[in-house]
Amino acid sequence: MIPVEFEYAAPDSLEEAIDALVQGGEDAKLLAGGHSLLPLMKLRLAAPTMLVDLRRVPGLRGVERADGTLRIGAMTRHADLEDEPELGLISHAAGLIADRQVRHRGTIGGSLAHGDPASDLPAVLLACEGSVGVEGSDGTREIPAAELFQDYLTTAVGEGEVMTEVRLPALTDYGFGYRKFTRRAEDWAMVGVCALVKADNGTCEDARVGLTHMSSVPLRATAVEEALRGSALDADSIARAAEAAAEGTGPPGDLNATPEYKRHLARVLTRRALEEAAGLTAA
Amino acid sequence: MSSAEESRTPGTGWVGQAIRRKEDPPLITGQGNYVDDITLPGMLHTAIVRSPEAHATIASIDVTAARDHPSVVEVFTGDDLAREFEQGLAMVWSPPGVEIKTPLNLPLARGEVKHVGQAVAVVVGTDRYATVDAAEDVIVEYDPKPAVVDPEKALEDGSPLVWEDFGTNRTHQWGVAGGDAEAALREAEVTVERRIVNHRTAGAPIEPRSSIADPHGDGLTLYSSTQIPHIARFVLAGMLGMAEDRIRVVAPDVGGGFGSKLQVYGEEALMLALARRLGRPVKWTETRSEHMTTTHHGRDQINYVTLGADREGKVTALKARHVCDLGAYQLLLTPFIPELGFPVMGGCYEIPNIQLEFEGVFTNKFATDAVRGAGRPEATHWIEVMIDQLAAELDLDPAEIRRRNFIPKESFPYETPLGIVYDSGDYHGSLEKLLENFDMDGFRREQAEGRERGVYRGVGLSTYVEVCGLAPSRAVGPQGVGLQSAFWESAVVRVHPRGSATVYTGASPHGQGHDTGFAQIAADRLGIDPANIEVLHGDTDQGPMGWGTYGSRSLAVGGEAVGRAAVKVQEKAKRICAALLEAAPEDIELSDGKFQVRGSPDKAMTMAEIAGAAHIPPQELPTDIEPGLEETDFYDPENFVFPFGAHACVVEVDVETGKVEIVRWVAVDDCGPAINPMLIDGQIHGGVTHGIGQALYEQIVYDDEGQLVTGSFVDYALPTAAEVPMFETDRTETPSPVNRLGVKGVGEAGTIAASPAVVNAVTDALKPLGVTYMNMPLTPMRVWQAIEEARGRDGGGPARTEQGRSLDEHGRGAAGSGPTSPGEGGAA
């Protein structure tokens, strides 16, 4: 429970943070809420030599609405999002992360940059077809969700880059649901399913389904989406479509769930999340 | 203090009041003093190098690089401390006529390691961070050997051996019987057999272990997070070859134990040896990872149980064989814990024929030992599950089958076929009160309606009796059950010259509330407000020897000793008062907080006035009354006490996912007259939560190679507030004839009661789906698999193999009766 020795910096500007990160090289890590990184360090599973703490960097917190897009500062805490239910899906999903104490420290940028397939927000970003803004010494760039998550704990954010912003289309004409399956309320998702449904007179105009913890990265359940688009938004169609939820997934087995059980859960939770998104059941 | 409490007259009727815990204000405002809070001048820190192998020969240990760290003072291996540790850690059960294989258990391994986490070297340094860094530079080469993890495979011919010198993995066999269970089973109209797995759990207190040894002159002080400071001194003095008066053991504030600190651990002996060798204070504080790996675990038994009954559901015979996974070493009580449940293995029921057999097994895992309930949760679990299984077999209502088998109230004291005497009880009374509070008819209606909507709810009953109040020393001591120890308790009550008081107890609380409850007991006998009574404990230099806190013994043994010492003080106070008021001592009564002459309330003295006279005697006080106002009591009970109660749990099962939610918990417990109902409620809340934890969430898991899989609180899933319901508690009060207070214990009752209620509730919920029985923990996957199997689909996974194992394969033949022949009656 004692980390390996490391250097620590808490710069006052983004430029200084990027400089510190670049100077620190591959063993430097950014510190946001610390609720994933610090336990790994205490268990000596991670041993960065330099921690660059973003807590003093201005302009990384808060939510702006512009042109149908939510621009969420990367250091915005889960609790901040949870406390703004009018943000819709992202607020709902953020409120299901761990417990309130963790949500008071953990940040949306930290969670996405960590790239843990058991975390809830990656599947939300993916289903919303959002993106993240990053800034490095070479300037800024935008990484779409579909390209962000590369492998287990690996994202497309470069070594010398800082994630500054998360961009989510507001999707105000979509219904949404997020179903998270855990043993205990505070646990990581055994499986999670994020669903977005756009209805047009009882017909499904669009459906998006994001899967948490069904692979080493978050996935889209494209077979479900295709099955549902254009069909009636009723319980039968949803149930039929949800049967395809595990197609193309490769869930890792663990102590609590075999891959087979996880595939079963994905089907059940997909149906429930879609029913919730379609307004057939309450959350 | 609330206004209701303020309005009470000091010295009368404090017992029975739900006054708030005296110990809480400092603890909840960060003023507690735990071992890790203690820093002594010149203190050194340690980090322990532990084996990553489950079973291996140590080929070499290279400490050179670690020793070169600038802040490292010294690095020691087991060989370096060979002189310090000629004796290993103690195991204290030596039942007459039974050999228990007990390997030498050294604080640091020499030559071989037998489980993951075994200590092989210790780094001592001036800075804790640096010692942890240096420990990573100790290079240990291991030659791995095959590990044995499954206790039943360990008993098979050809299994790798944990200890080759013993030639077997079987540690011992022990048995006890009364009546003729075999014959009764042959004649029974119905028999039910099950293989019940009671899996391994952890104590998991909030405060991990921590020890500091401080040398002074030729003596040592050990500050340790322990439940048993006096036993620790007794054992460690013997192990280190020191006189007891040269060792002082202090347990300051202790942040929970749940049995896991009812132990004398290698690290405690190691700190003493290092402090003696280096001449400086030395500290070790456990990490949570170390706690999960090398603080003793609990449970881990497989119970093969057969019940015989007639068609009316009257149980005629009970036969049970227990395969008990003890791990690689014998700690203090390791082999005894399964047997500790034997006195109540017939439950609340009048069963004329009982036969019990126990086998201990070595595996390459950490030792099991006491965890909250220690043998009784296991016993209660299987008897309460089996009663429900029998009810299902006979299509009887679970409450009705219990009524038909309960020992009637009139039969107490009741001697079981095993020779155990249950002190007092009213099992029908607690069950009927429970059913009234619960409204079973209402629930059954709601259950039927729910099922039509696809909502699967179930109710589970658990009517338990437990044995606690350890205990009559002669019954459990060397010539009785065979523990090489005693279990009386001590108390000193000292009234100070201005009228406040100090109570010393040999019990050693770590969350129970002795400071409050014991002060209430003394207050009523001394005529002093409990706020003016300080209860001290946990320091072998402060009061007489005692035996610590575990086994729900503190109130029934330690509290009784406090009451008796306080009565002795009261008697002396009456003599002083009588002399000064010119009355006869027998005419002095304690009333409304004053010592007064019976019939003359104006002739009265307060305890403060009497204490003043006791310490600064006036001329009128006869010289044959000794000065001072202090009495000691050593109390050894004549029997155990047997708390009991009835719990009902309602669950809702999501039959699509297998997830179980507890929606209601109703409890009626009987621990005799309440000293403080709030403390009782707290123990029931925590105890039930502990049992829910085992039933649904918690499990220590090793993989086939002996690697610990559940090494953190991420994987070892303790229930949180979100997982437990509000508890509806109630009580009946059936006094025990064993002690003057009439009290029993309650610290483990909730845990003992809880797990079968959960399992029975889930079985009840899933009855329409054809699920008849499942082993704990009832994780979502295991429940889903059971539903799939009942529906004729293959759920796959480990739950299937566990349930599918038949009794015929494993339950017969090899049991043997052990060296204790059946029919001898109780060992106590």
# chains A, B, ... in the order shown; residues from 1 in each chain; ligands from 1
>>> select_by_dssp(residues="segment 52-256 of chain A", states="alpha helix (DSSP H)", output="short mmCIF file (atom, residue, chain, number, x, y, z; two decimals) with N, CA and C atoms, in the first residue's frame")
data_model
loop_
_atom_site.label_atom_id
_atom_site.label_comp_id
_atom_site.auth_asym_id
_atom_site.auth_seq_id
_atom_site.Cartn_x
_atom_site.Cartn_y
_atom_site.Cartn_z
N HIS A 78 -17.64 13.46 -11.63
CA HIS A 78 -18.87 12.69 -11.84
C HIS A 78 -20.02 13.30 -11.04
N ALA A 79 -19.72 13.75 -9.83
CA ALA A 79 -20.78 14.31 -8.97
C ALA A 79 -21.37 15.57 -9.59
N ASP A 80 -20.53 16.38 -10.28
CA ASP A 80 -21.03 17.59 -10.94
C ASP A 80 -22.03 17.22 -12.02
N LEU A 81 -21.72 16.16 -12.76
CA LEU A 81 -22.61 15.71 -13.84
C LEU A 81 -23.89 15.12 -13.25
N GLU A 82 -23.70 14.31 -12.20
CA GLU A 82 -24.85 13.68 -11.56
C GLU A 82 -25.84 14.74 -11.07
N LEU A 89 -28.45 11.51 -20.40
CA LEU A 89 -27.75 10.23 -20.29
C LEU A 89 -26.45 10.32 -19.50
N ILE A 90 -25.63 11.31 -19.81
CA ILE A 90 -24.31 11.37 -19.16
C ILE A 90 -24.47 11.61 -17.66
N SER A 91 -25.47 12.39 -17.28
CA SER A 91 -25.72 12.63 -15.86
C SER A 91 -26.20 11.35 -15.18
N HIS A 92 -27.10 10.66 -15.86
CA HIS A 92 -27.64 9.41 -15.32
C HIS A 92 -26.53 8.38 -15.13
N ALA A 93 -25.70 8.20 -16.15
CA ALA A 93 -24.63 7.19 -16.08
C ALA A 93 -23.58 7.58 -15.04
N ALA A 94 -23.24 8.87 -14.99
CA ALA A 94 -22.23 9.32 -14.01
C ALA A 94 -22.71 9.05 -12.59
N ARG A 100 -20.89 7.86 -3.85
CA ARG A 100 -20.86 9.31 -3.91
C ARG A 100 -19.47 9.87 -3.59
N GLN A 101 -18.77 9.21 -2.68
CA GLN A 101 -17.43 9.71 -2.34
C GLN A 101 -16.50 9.63 -3.54
N VAL A 102 -16.57 8.52 -4.25
CA VAL A 102 -15.74 8.38 -5.45
C VAL A 102 -16.18 9.41 -6.50
N ARG A 103 -17.48 9.60 -6.62
CA ARG A 103 -17.97 10.54 -7.63
C ARG A 103 -17.56 11.98 -7.32
N ILE A 108 -14.60 12.92 -15.51
CA ILE A 108 -14.98 12.30 -16.78
C ILE A 108 -13.74 12.09 -17.66
N GLY A 109 -12.83 13.06 -17.66
CA GLY A 109 -11.63 12.91 -18.49
C GLY A 109 -10.74 11.80 -17.97
N GLY A 110 -10.59 11.75 -16.65
CA GLY A 110 -9.76 10.71 -16.06
C GLY A 110 -10.29 9.34 -16.37
N SER A 111 -11.61 9.20 -16.28
CA SER A 111 -12.22 7.90 -16.52
C SER A 111 -12.04 7.48 -17.98
N LEU A 112 -12.27 8.42 -18.93
CA LEU A 112 -12.14 8.06 -20.35
C LEU A 112 -10.68 7.79 -20.72
N ALA A 113 -9.76 8.59 -20.16
CA ALA A 113 -8.35 8.43 -20.52
C ALA A 113 -7.77 7.15 -19.93
N HIS A 114 -8.36 6.67 -18.83
CA HIS A 114 -7.87 5.44 -18.22
C HIS A 114 -8.20 4.23 -19.10
N LEU A 121 -18.44 5.26 -18.44
CA LEU A 121 -18.54 6.38 -19.37
C LEU A 121 -18.03 6.07 -20.78
N PRO A 122 -17.04 5.18 -20.95
CA PRO A 122 -16.61 4.89 -22.34
C PRO A 122 -17.75 4.41 -23.23
N ALA A 123 -18.59 3.52 -22.74
CA ALA A 123 -19.69 3.02 -23.58
C ALA A 123 -20.69 4.14 -23.87
N VAL A 124 -20.84 5.06 -22.93
CA VAL A 124 -21.75 6.18 -23.15
C VAL A 124 -21.20 7.08 -24.27
N LEU A 125 -19.93 7.39 -24.18
CA LEU A 125 -19.30 8.23 -25.21
C LEU A 125 -19.43 7.58 -26.58
N LEU A 126 -19.23 6.26 -26.58
CA LEU A 126 -19.27 5.51 -27.83
C LEU A 126 -20.68 5.52 -28.42
N ALA A 127 -21.66 5.27 -27.58
CA ALA A 127 -23.04 5.21 -28.06
C ALA A 127 -23.51 6.59 -28.53
N CYS A 128 -23.04 7.62 -27.84
CA CYS A 128 -23.43 8.99 -28.23
C CYS A 128 -22.66 9.45 -29.47
N ALA A 145 -14.93 9.03 -30.57
CA ALA A 145 -15.05 7.92 -29.61
C ALA A 145 -14.66 6.60 -30.25
N ALA A 146 -15.05 6.40 -31.49
CA ALA A 146 -14.79 5.12 -32.13
C ALA A 146 -13.30 4.83 -32.27
N GLU A 147 -12.47 5.90 -32.20
CA GLU A 147 -11.02 5.68 -32.32
C GLU A 147 -10.29 5.79 -30.99
N LEU A 148 -11.02 6.24 -29.96
CA LEU A 148 -10.34 6.55 -28.69
C LEU A 148 -9.87 5.30 -27.96
N THR A 222 -23.85 -3.41 -32.72
CA THR A 222 -24.37 -2.97 -34.03
C THR A 222 -25.48 -3.88 -34.54
N ALA A 223 -25.40 -5.16 -34.23
CA ALA A 223 -26.44 -6.09 -34.70
C ALA A 223 -27.79 -5.74 -34.07
N VAL A 224 -27.76 -5.33 -32.81
CA VAL A 224 -29.00 -4.92 -32.15
C VAL A 224 -29.53 -3.66 -32.80
N GLU A 225 -28.63 -2.70 -33.00
CA GLU A 225 -29.05 -1.43 -33.58
C GLU A 225 -29.71 -1.64 -34.93
N GLU A 226 -29.07 -2.47 -35.78
CA GLU A 226 -29.60 -2.71 -37.12
C GLU A 226 -30.95 -3.42 -37.06
N ALA A 227 -31.05 -4.36 -36.12
CA ALA A 227 -32.31 -5.10 -36.01
C ALA A 227 -33.46 -4.21 -35.60
N LEU A 228 -33.15 -3.19 -34.82
CA LEU A 228 -34.22 -2.37 -34.28
C LEU A 228 -34.61 -1.21 -35.20
N ALA A 235 -42.27 -3.96 -27.07
CA ALA A 235 -41.52 -4.92 -26.26
C ALA A 235 -41.04 -6.11 -27.09
N ASP A 236 -41.86 -6.58 -28.01
CA ASP A 236 -41.47 -7.75 -28.80
C ASP A 236 -40.27 -7.45 -29.70
N SER A 237 -40.34 -6.34 -30.40
CA SER A 237 -39.22 -6.02 -31.30
C SER A 237 -37.94 -5.82 -30.52
N ILE A 238 -38.10 -5.13 -29.37
CA ILE A 238 -36.90 -4.88 -28.54
C ILE A 238 -36.33 -6.20 -28.06
N ALA A 239 -37.19 -7.09 -27.61
CA ALA A 239 -36.71 -8.38 -27.10
C ALA A 239 -36.00 -9.16 -28.21
N ARG A 240 -36.58 -9.12 -29.41
CA ARG A 240 -35.94 -9.84 -30.53
C ARG A 240 -34.58 -9.23 -30.85
N ALA A 241 -34.55 -7.91 -30.91
CA ALA A 241 -33.29 -7.23 -31.26
C ALA A 241 -32.22 -7.50 -30.19
N ALA A 242 -32.65 -7.48 -28.93
CA ALA A 242 -31.69 -7.63 -27.83
C ALA A 242 -31.01 -9.00 -27.86
#
>>> closest_atom_pairs(of="chain B", to="chain A", cutoff="8 Å", atoms="only C-alpha atoms", output="Markdown table")
| residue | atom | partner | partner_atom | distance |
| --- | --- | --- | --- | --- |
| B:Tyr129 | CA | A:Ile2 | CA | 6.6 |
| B:Val132 | CA | A:Ile2 | CA | 7.2 |
| B:Asp133 | CA | A:Val4 | CA | 7.0 |
| B:Thr287 | CA | A:Met1 | CA | 6.0 |
| B:Arg288 | CA | A:Met1 | CA | 7.6 |
| B:Ser289 | CA | A:Met1 | CA | 7.8 |
| B:Glu656 | CA | A:Val268 | CA | 7.2 |
| B:Thr657 | CA | A:Leu265 | CA | 6.5 |
| B:Lys659 | CA | A:Arg183 | CA | 7.6 |
| B:Tyr697 | CA | A:Arg183 | CA | 7.5 |
| B:Val714 | CA | A:Asp187 | CA | 7.4 |
| B:Asp715 | CA | A:Leu255 | CA | 7.8 |
| B:Ala717 | CA | A:Arg184 | CA | 7.7 |
| B:Pro719 | CA | A:Arg184 | CA | 7.0 |
| B:Thr720 | CA | A:Arg184 | CA | 7.6 |
| B:Ala722 | CA | A:Ala185 | CA | 6.4 |
| B:Glu723 | CA | A:Arg184 | CA | 6.6 |
| B:Thr779 | CA | A:Arg183 | CA | 7.5 |
| B:Pro780 | CA | A:Arg183 | CA | 7.3 |
| B:Met781 | CA | A:Ala257 | CA | 6.3 |
| B:Gly797 | CA | A:Thr258 | CA | 7.2 |
>>> select_by_dssp(residues="segment 284-387 of chain B", states="strand (DSSP E)", output="number ranges by chain")
B: 284-285, 297-309, 315-327, 353-362
>>> residues_around(residues="Thr212 of chain A", least_positions_apart="5", cutoff="10 Å", atoms="only C-alpha atoms", output="list in words")
Asp116, Pro117, Ala118, Ser119, Asp120, Leu121, Pro122, Ala123, Val124, Arg179, Lys180, Phe181, Trp188, Ala189, Met190, Val191, Gly192, Val193, Cys194, Val217, Pro218, Leu219, Arg220, Pro251 and Ala266 of chain A
>>> residues_around(residues="segment 99-114 of chain B", least_positions_apart="4", cutoff="8 Å", atoms="only C-alpha atoms", output="ChimeraX atom specification")
/B:51,53-59,77-79,85,87-89,91,94-95,118-121,162-163,166,171-172,265-267,269-270,328-330,335,364-365
>>> write_last_selection(atoms="C-alpha atoms", output="mmCIF file, in the first residue's frame")
data_model
loop_
_atom_site.group_PDB
_atom_site.id
_atom_site.type_symbol
_atom_site.label_atom_id
_atom_site.label_comp_id
_atom_site.auth_asym_id
_atom_site.auth_seq_id
_atom_site.Cartn_x
_atom_site.Cartn_y
_atom_site.Cartn_z
ATOM 1 C CA SER B 51 6.274 -15.873 -0.580
ATOM 2 C CA GLU B 53 4.552 -19.409 -4.084
ATOM 3 C CA ALA B 54 1.920 -21.620 -2.473
ATOM 4 C CA HIS B 55 4.343 -24.489 -1.902
ATOM 5 C CA ALA B 56 8.066 -24.380 -2.526
ATOM 6 C CA THR B 57 11.511 -25.020 -1.229
ATOM 7 C CA ILE B 58 13.497 -21.881 -0.574
ATOM 8 C CA ALA B 59 16.634 -22.323 -2.701
ATOM 9 C CA THR B 77 15.792 -14.246 7.366
ATOM 10 C CA GLY B 78 14.402 -17.213 9.281
ATOM 11 C CA ASP B 79 17.900 -18.656 9.635
ATOM 12 C CA PHE B 85 12.718 -18.855 17.691
ATOM 13 C CA GLN B 87 9.701 -22.694 19.502
ATOM 14 C CA GLY B 88 7.008 -21.964 16.978
ATOM 15 C CA LEU B 89 3.665 -20.283 17.376
ATOM 16 C CA MET B 91 -1.730 -24.141 19.070
ATOM 17 C CA SER B 94 -4.873 -31.036 22.857
ATOM 18 C CA PRO B 95 -7.961 -33.209 23.264
ATOM 19 C CA GLN B 118 4.276 -16.785 4.149
ATOM 20 C CA ALA B 119 6.911 -14.483 5.659
ATOM 21 C CA VAL B 120 10.461 -15.308 4.569
ATOM 22 C CA ALA B 121 12.434 -12.184 5.530
ATOM 23 C CA VAL B 162 1.537 -30.308 2.431
ATOM 24 C CA TRP B 163 3.751 -31.921 5.080
ATOM 25 C CA PHE B 166 3.297 -36.565 8.400
ATOM 26 C CA THR B 171 -4.588 -33.363 10.645
ATOM 27 C CA HIS B 172 -6.867 -35.205 13.051
ATOM 28 C CA TYR B 265 0.579 -13.995 15.180
ATOM 29 C CA GLY B 266 4.120 -14.472 13.956
ATOM 30 C CA GLU B 267 4.486 -10.748 13.399
ATOM 31 C CA ALA B 269 6.621 -12.514 18.089
ATOM 32 C CA LEU B 270 8.836 -11.109 15.349
ATOM 33 C CA ALA B 328 -1.093 -25.225 6.066
ATOM 34 C CA TYR B 329 -0.411 -24.461 9.739
ATOM 35 C CA GLN B 330 -2.178 -24.747 13.059
ATOM 36 C CA PRO B 335 -8.276 -27.365 14.578
ATOM 37 C CA ASN B 364 -1.542 -24.942 0.920
ATOM 38 C CA LYS B 365 -3.593 -22.008 2.150
#
>>> residues_around(residues="Pro618 of chain B", least_positions_apart="2", cutoff="12 Å", atoms="only C-alpha atoms", output="MDAnalysis selection string")
chainID B and resid 576:577 579:580 609:616 620:623 625 627
>>> residues_around(residues="Asp681 of chain B", least_positions_apart="4", cutoff="7 Å", atoms="only C-alpha atoms", output="ChimeraX atom specification")
/B:677,685,729
>>> write_last_selection(atoms="C-alpha atoms", output="short mmCIF file (atom, residue, chain, number, x, y, z; two decimals), in the first residue's frame")
data_model
loop_
_atom_site.label_atom_id
_atom_site.label_comp_id
_atom_site.auth_asym_id
_atom_site.auth_seq_id
_atom_site.Cartn_x
_atom_site.Cartn_y
_atom_site.Cartn_z
CA PRO B 677 -30.75 -2.44 24.24
CA HIS B 685 -27.32 -5.16 12.84
CA THR B 729 -35.36 -6.02 15.72
#
>>> atom_distance(atom1="atom CA of Ala273 of chain B", atom2="atom CA of Leu220 of chain B")
9.6 Å
>>> atom_distance(atom1="atom CA of Ala202 of chain B", atom2="atom CA of Val465 of chain B")
23.3 Å
>>> closest_residue(among="B:His297, B:Lys433, B:Arg311, B:Arg782", to="Asp670 of chain B", atoms="only C-alpha atoms")
B:Lys433
>>> atom_distance(atom1="atom CA of Gly458 of chain B", atom2="atom CA of Arg445 of chain B")
11.5 Å
>>> closest_residue(among="B:Ala134, B:Ile351, B:Ile387, B:Ala392", to="Ser71 of chain B", atoms="only C-alpha atoms")
B:Ala134
>>> decode(residues="segment 270-297 of chain B", atoms="N, CA and C atoms", output="JSON list (two decimals), in the first residue's frame")
[["chain", "number", "residue", "atom", "x", "y", "z"],
["B", 270, "LEU", "N", 7.71, -11.66, 16.11],
["B", 270, "LEU", "CA", 8.84, -11.11, 15.35],
["B", 270, "LEU", "C", 9.21, -9.71, 15.85],
["B", 271, "MET", "N", 8.23, -8.87, 16.12],
["B", 271, "MET", "CA", 8.53, -7.52, 16.60],
["B", 271, "MET", "C", 9.25, -7.59, 17.95],
["B", 272, "LEU", "N", 8.79, -8.47, 18.83],
["B", 272, "LEU", "CA", 9.45, -8.61, 20.13],
["B", 272, "LEU", "C", 10.90, -9.04, 19.96],
["B", 273, "ALA", "N", 11.11, -10.03, 19.08],
["B", 273, "ALA", "CA", 12.47, -10.54, 18.89],
["B", 273, "ALA", "C", 13.37, -9.47, 18.29],
["B", 274, "LEU", "N", 12.83, -8.70, 17.34],
["B", 274, "LEU", "CA", 13.65, -7.66, 16.70],
["B", 274, "LEU", "C", 13.98, -6.54, 17.69],
["B", 275, "ALA", "N", 12.98, -6.16, 18.51],
["B", 275, "ALA", "CA", 13.22, -5.09, 19.48],
["B", 275, "ALA", "C", 14.28, -5.52, 20.50],
["B", 276, "ARG", "N", 14.20, -6.79, 20.90],
["B", 276, "ARG", "CA", 15.17, -7.31, 21.87],
["B", 276, "ARG", "C", 16.56, -7.33, 21.24],
["B", 277, "ARG", "N", 16.61, -7.74, 19.98],
["B", 277, "ARG", "CA", 17.91, -7.86, 19.31],
["B", 277, "ARG", "C", 18.52, -6.50, 18.98],
["B", 278, "LEU", "N", 17.67, -5.55, 18.54],
["B", 278, "LEU", "CA", 18.19, -4.26, 18.07],
["B", 278, "LEU", "C", 18.19, -3.20, 19.16],
["B", 279, "GLY", "N", 17.46, -3.43, 20.26],
["B", 279, "GLY", "CA", 17.43, -2.46, 21.36],
["B", 279, "GLY", "C", 16.67, -1.18, 21.01],
["B", 280, "ARG", "N", 15.81, -1.23, 20.00],
["B", 280, "ARG", "CA", 15.02, -0.05, 19.62],
["B", 280, "ARG", "C", 13.57, -0.49, 19.38],
["B", 281, "PRO", "N", 12.64, 0.43, 19.54],
["B", 281, "PRO", "CA", 11.24, 0.09, 19.22],
["B", 281, "PRO", "C", 11.10, -0.26, 17.74],
["B", 282, "VAL", "N", 10.31, -1.26, 17.45],
["B", 282, "VAL", "CA", 10.13, -1.73, 16.07],
["B", 282, "VAL", "C", 8.64, -1.88, 15.80],
["B", 283, "LYS", "N", 8.22, -1.39, 14.64],
["B", 283, "LYS", "CA", 6.79, -1.36, 14.31],
["B", 283, "LYS", "C", 6.51, -2.08, 12.99],
["B", 284, "TRP", "N", 5.39, -2.77, 12.97],
["B", 284, "TRP", "CA", 4.88, -3.36, 11.72],
["B", 284, "TRP", "C", 3.39, -3.08, 11.63],
["B", 285, "THR", "N", 2.95, -2.56, 10.51],
["B", 285, "THR", "CA", 1.52, -2.38, 10.27],
["B", 285, "THR", "C", 1.16, -3.10, 8.98],
["B", 286, "GLU", "N", 0.15, -3.91, 9.11],
["B", 286, "GLU", "CA", -0.31, -4.74, 8.01],
["B", 286, "GLU", "C", -0.93, -3.88, 6.90],
["B", 287, "THR", "N", -0.65, -4.22, 5.66],
["B", 287, "THR", "CA", -1.41, -3.62, 4.56],
["B", 287, "THR", "C", -2.69, -4.43, 4.38],
["B", 288, "ARG", "N", -3.65, -3.88, 3.66],
["B", 288, "ARG", "CA", -4.88, -4.64, 3.43],
["B", 288, "ARG", "C", -4.57, -5.89, 2.61],
["B", 289, "SER", "N", -3.62, -5.80, 1.69],
["B", 289, "SER", "CA", -3.26, -6.99, 0.91],
["B", 289, "SER", "C", -2.71, -8.07, 1.83],
["B", 290, "GLU", "N", -1.87, -7.66, 2.77],
["B", 290, "GLU", "CA", -1.36, -8.65, 3.73],
["B", 290, "GLU", "C", -2.49, -9.22, 4.57],
["B", 291, "HIS", "N", -3.43, -8.35, 4.93],
["B", 291, "HIS", "CA", -4.54, -8.81, 5.75],
["B", 291, "HIS", "C", -5.31, -9.94, 5.05],
["B", 292, "MET", "N", -5.59, -9.74, 3.78],
["B", 292, "MET", "CA", -6.38, -10.75, 3.07],
["B", 292, "MET", "C", -5.59, -12.06, 2.95],
["B", 293, "THR", "N", -4.26, -11.93, 2.90],
["B", 293, "THR", "CA", -3.42, -13.11, 2.65],
["B", 293, "THR", "C", -3.02, -13.83, 3.93],
["B", 294, "THR", "N", -2.69, -13.08, 4.98],
["B", 294, "THR", "CA", -2.03, -13.70, 6.14],
["B", 294, "THR", "C", -2.65, -13.33, 7.49],
["B", 295, "THR", "N", -3.87, -12.87, 7.49],
["B", 295, "THR", "CA", -4.64, -12.82, 8.74],
["B", 295, "THR", "C", -5.63, -13.97, 8.63],
["B", 296, "HIS", "N", -5.80, -14.71, 9.73],
["B", 296, "HIS", "CA", -6.48, -15.99, 9.56],
["B", 296, "HIS", "C", -7.88, -15.85, 8.98],
["B", 297, "HIS", "N", -8.25, -16.84, 8.21],
["B", 297, "HIS", "CA", -9.57, -16.91, 7.59],
["B", 297, "HIS", "C", -10.50, -17.73, 8.49]]
